[in-house]
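Here is the file structure24.cif (mmCIF, N, CA and C atoms).
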data_start
loop_
_atom_site.group_PDB
_atom_site.id
_atom_site.type_symbol
_atom_site.label_atom_id
_atom_site.label_comp_id
_atom_site.auth_asym_id
_atom_site.auth_seq_id
_atom_site.Cartn_x
_atom_site.Cartn_y
_atom_site.Cartn_z
ATOM 1 N N MET N 1 136.147 92.454 15.789
ATOM 2 C CA MET N 1 135.558 92.049 17.047
ATOM 3 C C MET N 1 136.663 91.959 18.089
ATOM 4 N N SER N 2 136.506 92.687 19.166
ATOM 5 C CA SER N 2 137.538 92.660 20.195
ATOM 6 C C SER N 2 137.190 91.653 21.273
ATOM 7 N N GLU N 3 138.208 91.088 21.803
ATOM 8 C CA GLU N 3 138.021 90.086 22.854
ATOM 9 C C GLU N 3 138.091 90.779 24.203
ATOM 10 N N GLN N 4 137.077 90.576 25.013
ATOM 11 C CA GLN N 4 137.074 91.183 26.334
ATOM 12 C C GLN N 4 137.379 90.117 27.373
ATOM 13 N N THR N 5 138.150 90.513 28.352
ATOM 14 C CA THR N 5 138.444 89.603 29.444
ATOM 15 C C THR N 5 137.723 90.093 30.683
ATOM 16 N N SER N 6 137.146 89.190 31.395
ATOM 17 C CA SER N 6 136.483 89.586 32.636
ATOM 18 C C SER N 6 137.483 89.446 33.777
ATOM 19 N N VAL N 7 137.471 90.429 34.629
ATOM 20 C CA VAL N 7 138.381 90.439 35.761
ATOM 21 C C VAL N 7 137.583 90.075 37.001
ATOM 22 N N LYS N 8 137.953 88.976 37.616
ATOM 23 C CA LYS N 8 137.289 88.570 38.853
ATOM 24 C C LYS N 8 138.054 89.184 40.010
ATOM 25 N N GLN N 9 137.329 89.882 40.857
ATOM 26 C CA GLN N 9 137.959 90.533 41.983
ATOM 27 C C GLN N 9 137.486 89.856 43.261
ATOM 28 N N ASP N 10 138.430 89.309 44.002
ATOM 29 C CA ASP N 10 138.106 88.676 45.267
ATOM 30 C C ASP N 10 138.297 89.688 46.392
ATOM 31 N N PHE N 11 137.369 89.691 47.336
ATOM 32 C CA PHE N 11 137.437 90.588 48.474
ATOM 33 C C PHE N 11 137.683 89.790 49.742
ATOM 34 N N PHE N 12 138.274 90.446 50.736
ATOM 35 C CA PHE N 12 138.319 89.845 52.052
ATOM 36 C C PHE N 12 136.878 89.716 52.527
ATOM 37 N N THR N 13 136.591 88.685 53.286
ATOM 38 C CA THR N 13 135.236 88.518 53.807
ATOM 39 C C THR N 13 135.287 88.302 55.309
ATOM 40 N N TYR N 14 134.175 88.593 55.950
ATOM 41 C CA TYR N 14 133.979 88.296 57.363
ATOM 42 C C TYR N 14 132.591 87.697 57.475
ATOM 43 N N LYS N 15 132.529 86.465 57.915
ATOM 44 C CA LYS N 15 131.272 85.722 58.051
ATOM 45 C C LYS N 15 130.436 85.763 56.763
ATOM 46 N N GLY N 16 131.120 85.636 55.633
ATOM 47 C CA GLY N 16 130.433 85.514 54.356
ATOM 48 C C GLY N 16 130.111 86.806 53.627
ATOM 49 N N PHE N 17 130.374 87.950 54.236
ATOM 50 C CA PHE N 17 130.117 89.238 53.585
ATOM 51 C C PHE N 17 131.448 89.899 53.215
ATOM 52 N N PRO N 18 131.530 90.534 52.050
ATOM 53 C CA PRO N 18 132.781 91.179 51.639
ATOM 54 C C PRO N 18 133.093 92.438 52.437
ATOM 55 N N LEU N 19 134.397 92.675 52.605
ATOM 56 C CA LEU N 19 134.913 93.871 53.269
ATOM 57 C C LEU N 19 135.757 94.649 52.266
ATOM 58 N N VAL N 20 135.484 95.926 52.120
ATOM 59 C CA VAL N 20 136.266 96.779 51.231
ATOM 60 C C VAL N 20 136.658 98.026 52.013
ATOM 61 N N ARG N 21 137.958 98.324 52.021
ATOM 62 C CA ARG N 21 138.436 99.496 52.764
ATOM 63 C C ARG N 21 138.948 100.560 51.807
ATOM 64 N N ASN N 22 138.586 101.797 52.095
ATOM 65 C CA ASN N 22 139.098 102.960 51.374
ATOM 66 C C ASN N 22 139.524 103.966 52.433
ATOM 67 N N LYS N 23 140.809 104.067 52.677
ATOM 68 C CA LYS N 23 141.389 104.922 53.718
ATOM 69 C C LYS N 23 140.792 104.553 55.073
ATOM 70 N N ASN N 24 140.038 105.454 55.706
ATOM 71 C CA ASN N 24 139.477 105.172 57.030
ATOM 72 C C ASN N 24 138.011 104.754 56.987
ATOM 73 N N VAL N 25 137.538 104.310 55.847
ATOM 74 C CA VAL N 25 136.158 103.855 55.708
ATOM 75 C C VAL N 25 136.160 102.401 55.244
ATOM 76 N N ILE N 26 135.369 101.572 55.925
ATOM 77 C CA ILE N 26 135.242 100.161 55.570
ATOM 78 C C ILE N 26 133.789 99.904 55.191
ATOM 79 N N TYR N 27 133.597 99.308 54.031
ATOM 80 C CA TYR N 27 132.260 98.921 53.584
ATOM 81 C C TYR N 27 132.121 97.423 53.785
ATOM 82 N N TYR N 28 130.989 97.007 54.336
ATOM 83 C CA TYR N 28 130.755 95.604 54.675
ATOM 84 C C TYR N 28 129.406 95.186 54.117
ATOM 85 N N GLY N 29 129.413 94.160 53.280
ATOM 86 C CA GLY N 29 128.178 93.660 52.702
ATOM 87 C C GLY N 29 128.232 93.660 51.186
ATOM 88 N N ASN N 30 127.168 93.163 50.580
ATOM 89 C CA ASN N 30 127.050 93.078 49.127
ATOM 90 C C ASN N 30 126.228 94.254 48.612
ATOM 91 N N MET N 31 126.755 94.961 47.635
ATOM 92 C CA MET N 31 126.008 96.085 47.055
ATOM 93 C C MET N 31 124.744 95.613 46.340
ATOM 94 N N SER N 32 124.668 94.346 46.005
ATOM 95 C CA SER N 32 123.469 93.819 45.349
ATOM 96 C C SER N 32 122.350 93.531 46.353
ATOM 97 N N ASP N 33 122.651 93.571 47.655
ATOM 98 C CA ASP N 33 121.635 93.372 48.686
ATOM 99 C C ASP N 33 120.950 94.705 49.002
ATOM 100 N N GLU N 34 119.898 94.642 49.797
ATOM 101 C CA GLU N 34 119.152 95.857 50.137
ATOM 102 C C GLU N 34 119.945 96.794 51.054
ATOM 103 N N TYR N 35 120.772 96.211 51.938
ATOM 104 C CA TYR N 35 121.524 97.000 52.915
ATOM 105 C C TYR N 35 123.013 96.699 52.841
ATOM 106 N N ILE N 36 123.798 97.677 53.255
ATOM 107 C CA ILE N 36 125.244 97.547 53.421
ATOM 108 C C ILE N 36 125.611 98.326 54.681
ATOM 109 N N VAL N 37 126.744 97.997 55.284
ATOM 110 C CA VAL N 37 127.199 98.722 56.469
ATOM 111 C C VAL N 37 128.461 99.505 56.110
ATOM 112 N N MET N 38 128.476 100.780 56.502
ATOM 113 C CA MET N 38 129.663 101.612 56.354
ATOM 114 C C MET N 38 130.223 101.861 57.745
ATOM 115 N N MET N 39 131.515 101.610 57.916
ATOM 116 C CA MET N 39 132.181 101.841 59.196
ATOM 117 C C MET N 39 133.269 102.886 58.993
ATOM 118 N N GLN N 40 133.189 103.957 59.740
ATOM 119 C CA GLN N 40 134.141 105.054 59.625
ATOM 120 C C GLN N 40 135.041 105.053 60.854
ATOM 121 N N ILE N 41 136.344 104.883 60.638
ATOM 122 C CA ILE N 41 137.306 104.882 61.741
ATOM 123 C C ILE N 41 137.540 106.331 62.150
ATOM 124 N N MET N 42 137.133 106.660 63.366
ATOM 125 C CA MET N 42 137.210 108.041 63.846
ATOM 126 C C MET N 42 138.504 108.313 64.618
ATOM 127 N N GLN N 43 138.981 107.304 65.370
ATOM 128 C CA GLN N 43 140.220 107.460 66.146
ATOM 129 C C GLN N 43 141.018 106.171 66.072
ATOM 130 N N GLN N 44 142.344 106.334 66.144
ATOM 131 C CA GLN N 44 143.247 105.193 66.160
ATOM 132 C C GLN N 44 144.335 105.441 67.191
ATOM 133 N N LYS N 45 144.941 104.357 67.655
ATOM 134 C CA LYS N 45 146.126 104.498 68.486
ATOM 135 C C LYS N 45 147.182 103.537 67.961
ATOM 136 N N ARG N 46 148.430 103.861 68.225
ATOM 137 C CA ARG N 46 149.551 103.060 67.759
ATOM 138 C C ARG N 46 149.862 101.999 68.801
ATOM 139 N N VAL N 47 149.836 100.723 68.398
ATOM 140 C CA VAL N 47 150.218 99.605 69.250
ATOM 141 C C VAL N 47 151.347 98.891 68.531
ATOM 142 N N ASN N 48 152.550 98.975 69.125
ATOM 143 C CA ASN N 48 153.773 98.498 68.472
ATOM 144 C C ASN N 48 153.893 99.190 67.124
ATOM 145 N N ASP N 49 153.828 98.496 66.024
ATOM 146 C CA ASP N 49 153.954 99.124 64.706
ATOM 147 C C ASP N 49 152.646 99.165 63.939
ATOM 148 N N ILE N 50 151.523 98.981 64.635
ATOM 149 C CA ILE N 50 150.232 98.878 63.963
ATOM 150 C C ILE N 50 149.268 99.928 64.513
ATOM 151 N N ASN N 51 148.526 100.586 63.607
ATOM 152 C CA ASN N 51 147.448 101.480 64.033
ATOM 153 C C ASN N 51 146.219 100.635 64.342
ATOM 154 N N VAL N 52 145.644 100.827 65.529
ATOM 155 C CA VAL N 52 144.477 100.081 65.974
ATOM 156 C C VAL N 52 143.319 101.052 66.174
ATOM 157 N N ALA N 53 142.169 100.739 65.574
ATOM 158 C CA ALA N 53 140.993 101.596 65.701
ATOM 159 C C ALA N 53 140.478 101.574 67.139
ATOM 160 N N THR N 54 140.205 102.763 67.690
ATOM 161 C CA THR N 54 139.687 102.864 69.054
ATOM 162 C C THR N 54 138.307 103.517 69.099
ATOM 163 N N LYS N 55 137.862 104.068 67.978
ATOM 164 C CA LYS N 55 136.504 104.619 67.890
ATOM 165 C C LYS N 55 136.030 104.470 66.451
ATOM 166 N N ILE N 56 134.911 103.757 66.291
ATOM 167 C CA ILE N 56 134.359 103.499 64.959
ATOM 168 C C ILE N 56 132.892 103.880 64.949
ATOM 169 N N LYS N 57 132.496 104.652 63.965
ATOM 170 C CA LYS N 57 131.093 105.019 63.747
ATOM 171 C C LYS N 57 130.546 104.050 62.706
ATOM 172 N N ILE N 58 129.391 103.431 62.994
ATOM 173 C CA ILE N 58 128.818 102.408 62.126
ATOM 174 C C ILE N 58 127.467 102.895 61.602
ATOM 175 N N TYR N 59 127.231 102.670 60.298
ATOM 176 C CA TYR N 59 125.987 103.076 59.657
ATOM 177 C C TYR N 59 125.398 101.902 58.885
ATOM 178 N N LEU N 60 124.153 101.559 59.151
ATOM 179 C CA LEU N 60 123.417 100.615 58.308
ATOM 180 C C LEU N 60 122.730 101.462 57.255
ATOM 181 N N MET N 61 123.005 101.152 55.971
ATOM 182 C CA MET N 61 122.518 102.007 54.894
ATOM 183 C C MET N 61 121.819 101.193 53.815
ATOM 184 N N LEU N 62 120.791 101.785 53.218
ATOM 185 C CA LEU N 62 120.170 101.203 52.038
ATOM 186 C C LEU N 62 121.122 101.372 50.853
ATOM 187 N N THR N 63 121.120 100.422 49.939
ATOM 188 C CA THR N 63 122.005 100.502 48.776
ATOM 189 C C THR N 63 121.357 101.209 47.587
ATOM 190 N N ASP N 64 120.149 101.696 47.750
ATOM 191 C CA ASP N 64 119.437 102.393 46.672
ATOM 192 C C ASP N 64 120.191 103.682 46.307
ATOM 193 N N GLU N 65 120.756 103.721 45.114
ATOM 194 C CA GLU N 65 121.555 104.863 44.682
ATOM 195 C C GLU N 65 120.720 106.119 44.435
ATOM 196 N N LYS N 66 119.399 105.983 44.365
ATOM 197 C CA LYS N 66 118.529 107.145 44.138
ATOM 198 C C LYS N 66 118.375 107.999 45.399
ATOM 199 N N LEU N 67 118.631 107.403 46.562
ATOM 200 C CA LEU N 67 118.511 108.131 47.824
ATOM 201 C C LEU N 67 119.770 108.933 48.095
ATOM 202 N N ASN N 68 119.594 110.093 48.747
ATOM 203 C CA ASN N 68 120.800 110.799 49.168
ATOM 204 C C ASN N 68 121.348 110.067 50.393
ATOM 205 N N PRO N 69 122.632 110.216 50.689
ATOM 206 C CA PRO N 69 123.249 109.430 51.775
ATOM 207 C C PRO N 69 122.572 109.577 53.133
ATOM 208 N N ILE N 70 122.058 110.745 53.447
ATOM 209 C CA ILE N 70 121.395 110.946 54.747
ATOM 210 C C ILE N 70 120.105 110.120 54.824
ATOM 211 N N GLU N 71 119.325 110.095 53.748
ATOM 212 C CA GLU N 71 118.089 109.309 53.723
ATOM 213 C C GLU N 71 118.364 107.813 53.736
ATOM 214 N N ALA N 72 119.514 107.404 53.228
ATOM 215 C CA ALA N 72 119.852 105.986 53.144
ATOM 216 C C ALA N 72 120.203 105.391 54.502
ATOM 217 N N ILE N 73 120.621 106.212 55.449
ATOM 218 C CA ILE N 73 121.029 105.714 56.771
ATOM 219 C C ILE N 73 119.807 105.282 57.571
ATOM 220 N N LYS N 74 119.828 104.043 58.062
ATOM 221 C CA LYS N 74 118.709 103.502 58.835
ATOM 222 C C LYS N 74 119.058 103.284 60.304
ATOM 223 N N LYS N 75 120.327 103.010 60.625
ATOM 224 C CA LYS N 75 120.770 102.838 62.009
ATOM 225 C C LYS N 75 122.192 103.345 62.128
ATOM 226 N N THR N 76 122.554 103.785 63.334
ATOM 227 C CA THR N 76 123.941 104.173 63.605
ATOM 228 C C THR N 76 124.343 103.668 64.985
ATOM 229 N N SER N 77 125.633 103.521 65.178
ATOM 230 C CA SER N 77 126.163 103.126 66.475
ATOM 231 C C SER N 77 127.639 103.499 66.539
ATOM 232 N N ASP N 78 128.188 103.514 67.727
ATOM 233 C CA ASP N 78 129.616 103.742 67.950
ATOM 234 C C ASP N 78 130.192 102.546 68.687
ATOM 235 N N LYS N 79 131.366 102.103 68.287
ATOM 236 C CA LYS N 79 132.053 100.998 68.963
ATOM 237 C C LYS N 79 133.503 101.374 69.179
ATOM 238 N N GLU N 80 134.160 100.668 70.106
ATOM 239 C CA GLU N 80 135.534 100.988 70.460
ATOM 240 C C GLU N 80 136.561 100.038 69.867
ATOM 241 N N SER N 81 136.130 99.063 69.077
ATOM 242 C CA SER N 81 137.085 98.178 68.409
ATOM 243 C C SER N 81 136.493 97.705 67.091
ATOM 244 N N LEU N 82 137.376 97.322 66.184
ATOM 245 C CA LEU N 82 136.920 96.830 64.894
ATOM 246 C C LEU N 82 136.138 95.534 65.061
ATOM 247 N N TYR N 83 136.550 94.683 65.991
ATOM 248 C CA TYR N 83 135.824 93.432 66.212
ATOM 249 C C TYR N 83 134.378 93.715 66.647
ATOM 250 N N GLU N 84 134.195 94.610 67.605
ATOM 251 C CA GLU N 84 132.840 94.955 68.061
ATOM 252 C C GLU N 84 132.013 95.543 66.920
ATOM 253 N N ALA N 85 132.643 96.390 66.106
ATOM 254 C CA ALA N 85 131.942 97.014 64.983
ATOM 255 C C ALA N 85 131.522 95.965 63.962
ATOM 256 N N LEU N 86 132.415 95.043 63.621
ATOM 257 C CA LEU N 86 132.093 93.992 62.659
ATOM 258 C C LEU N 86 131.025 93.051 63.200
ATOM 259 N N ASP N 87 131.081 92.760 64.479
ATOM 260 C CA ASP N 87 130.094 91.879 65.096
ATOM 261 C C ASP N 87 128.691 92.493 65.006
ATOM 262 N N LEU N 88 128.572 93.774 65.312
ATOM 263 C CA LEU N 88 127.287 94.463 65.208
ATOM 264 C C LEU N 88 126.841 94.568 63.747
ATOM 265 N N ALA N 89 127.781 94.902 62.864
ATOM 266 C CA ALA N 89 127.458 95.024 61.445
ATOM 267 C C ALA N 89 126.932 93.705 60.891
ATOM 268 N N TYR N 90 127.536 92.600 61.286
ATOM 269 C CA TYR N 90 127.080 91.286 60.838
ATOM 270 C C TYR N 90 125.646 91.024 61.309
ATOM 271 N N ALA N 91 125.370 91.341 62.575
ATOM 272 C CA ALA N 91 124.021 91.142 63.114
ATOM 273 C C ALA N 91 123.007 91.988 62.343
ATOM 274 N N TRP N 92 123.343 93.236 62.063
ATOM 275 C CA TRP N 92 122.442 94.095 61.298
ATOM 276 C C TRP N 92 122.169 93.526 59.916
ATOM 277 N N LEU N 93 123.215 93.077 59.232
ATOM 278 C CA LEU N 93 123.014 92.539 57.879
ATOM 279 C C LEU N 93 122.207 91.240 57.892
ATOM 280 N N GLU N 94 122.464 90.408 58.872
ATOM 281 C CA GLU N 94 121.710 89.148 58.982
ATOM 282 C C GLU N 94 120.224 89.423 59.225
ATOM 283 N N ARG N 95 119.922 90.355 60.105
ATOM 284 C CA ARG N 95 118.523 90.684 60.406
ATOM 285 C C ARG N 95 117.834 91.384 59.244
ATOM 286 N N SER N 96 118.559 92.203 58.524
ATOM 287 C CA SER N 96 117.951 92.945 57.418
ATOM 288 C C SER N 96 117.701 92.074 56.205
ATOM 289 N N GLY N 97 118.359 90.940 56.112
ATOM 290 C CA GLY N 97 118.185 90.051 54.974
ATOM 291 C C GLY N 97 117.000 89.130 55.112
ATOM 292 N N LYS N 98 116.293 89.178 56.222
ATOM 293 C CA LYS N 98 115.169 88.258 56.462
ATOM 294 C C LYS N 98 113.856 88.966 56.378
#

Represent the structure of the file as structure tokens.
Amino acid sequence: MSEQTSVKQDFFTYKGFPLVRNKNVIYYGNMSDEYIVMMQIMQQKRVNDINVATKIKIYLMLTDEKLNPIEAIKKTSDKESLYEALDLAYAWLERSGK
């Protein structure tokens, strides 16, 4: 009998929802919920030593893995800062959970 260890993975959160980044794509929300938000960083500019997003495409998506990605998209928007994108994404997730 082998002993298995469970690995707890903590994520950064914003207003109670997890944030996961993979290169220029940020996923926001719980995969166990009906919806999640995908944010794609389209443009960046260099400010001092940091890359700052200047154009972000936002998608509200169903988490149903049976759907193809195009069918899963329910809303889209464009924002000019990560803060604006996260603020809209939070509103979408809050409204979709009710």

Please check which residues have atoms at most 6 Å from (139.2, 102.1, 73.0) in the file's coordinates, counting only N, CA and C atoms, and write them as a PyMOL selection string.
-> chain N and resi 54-55+80-81

Atom pair atom C of Val47 of chain N / atom C of Leu82 of chain N: separation (Å) |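 These two atoms are separated by 16.0 Å.
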
Of the candidates N:Ser96, N:Thr13, N:Asn24, N:Gln44, which one gets nearest to Leu62 of chain N if we count only C-alpha atoms?
-> N:Ser96

Using only C-alpha atoms, pick whichever of N:Lys74, N:Lys79, N:Met42, N:Asp64 has the shortest atom-to-atom distance to Leu93 of chain N.
-> N:Lys74

What is the atom CA of Glu94 of chain N-atom CA of Tyr35 of chain N distance in Å, reported with one decimal?
->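 Here the two named atoms are 9.9 Å from each other.
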
Separation of atom CA of Phe17 of chain N and atom C of Lys57 of chain N, in Å?
->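 If I compute the distance from atom CA of Phe17 of chain N to atom C of Lys57 of chain N, I get 17.4 Å.
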
What residues in chain N get the DSSP label strand (DSSP E or B)? Please answer as a ChimeraX atom specification.
-> /N:12-14,17-22,25-28,35-47,50-62,73-79

How big is the axis-aligned box, and where does its centre sit, when it encloses all atoms of segment 70-79 of chain N listed in the file and has 5 Å added on every side, reported in Å to one decimal as lines of an AutoDock Vina configuration file?
center_x = 125.8
center_y = 106.0
center_z = 61.2
size_x = 25.4
size_y = 19.9
size_z = 26.0

Which is closest to Gln40 of chain N among N:Ile70, N:Leu86, N:Met61, N:Ile56, if we use all atoms listed in the file?
-> N:Ile56

Matched chain/residue IDs from the PyMOL selection byres ((chain N and resi 58) around 5), as a PDB file with N, CA and C atoms, in the coordinates of the input:
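Final output, saved to expr21.pdb:
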ATOM      1  N   MET N  38     128.476 100.780  56.502  1.00  0.00           N
ATOM      2  CA  MET N  38     129.663 101.612  56.354  1.00  0.00           C
ATOM      3  C   MET N  38     130.223 101.861  57.745  1.00  0.00           C
ATOM      4  N   MET N  39     131.515 101.610  57.916  1.00  0.00           N
ATOM      5  CA  MET N  39     132.181 101.841  59.196  1.00  0.00           C
ATOM      6  C   MET N  39     133.269 102.886  58.993  1.00  0.00           C
ATOM      7  N   ILE N  56     134.911 103.757  66.291  1.00  0.00           N
ATOM      8  CA  ILE N  56     134.359 103.499  64.959  1.00  0.00           C
ATOM      9  C   ILE N  56     132.892 103.880  64.949  1.00  0.00           C
ATOM     10  N   LYS N  57     132.496 104.652  63.965  1.00  0.00           N
ATOM     11  CA  LYS N  57     131.093 105.019  63.747  1.00  0.00           C
ATOM     12  C   LYS N  57     130.546 104.050  62.706  1.00  0.00           C
ATOM     13  N   TYR N  59     127.231 102.670  60.298  1.00  0.00           N
ATOM     14  CA  TYR N  59     125.987 103.076  59.657  1.00  0.00           C
ATOM     15  C   TYR N  59     125.398 101.902  58.885  1.00  0.00           C
ATOM     16  N   LEU N  60     124.153 101.559  59.151  1.00  0.00           N
ATOM     17  CA  LEU N  60     123.417 100.615  58.308  1.00  0.00           C
ATOM     18  C   LEU N  60     122.730 101.462  57.255  1.00  0.00           C
ATOM     19  N   THR N  76     122.554 103.785  63.334  1.00  0.00           N
ATOM     20  CA  THR N  76     123.941 104.173  63.605  1.00  0.00           C
ATOM     21  C   THR N  76     124.343 103.668  64.985  1.00  0.00           C
ATOM     22  N   SER N  77     125.633 103.521  65.178  1.00  0.00           N
ATOM     23  CA  SER N  77     126.163 103.126  66.475  1.00  0.00           C
ATOM     24  C   SER N  77     127.639 103.499  66.539  1.00  0.00           C
ATOM     25  N   ASP N  78     128.188 103.514  67.727  1.00  0.00           N
ATOM     26  CA  ASP N  78     129.616 103.742  67.950  1.00  0.00           C
ATOM     27  C   ASP N  78     130.192 102.546  68.687  1.00  0.00           C
TER      28      ASP N  78
END
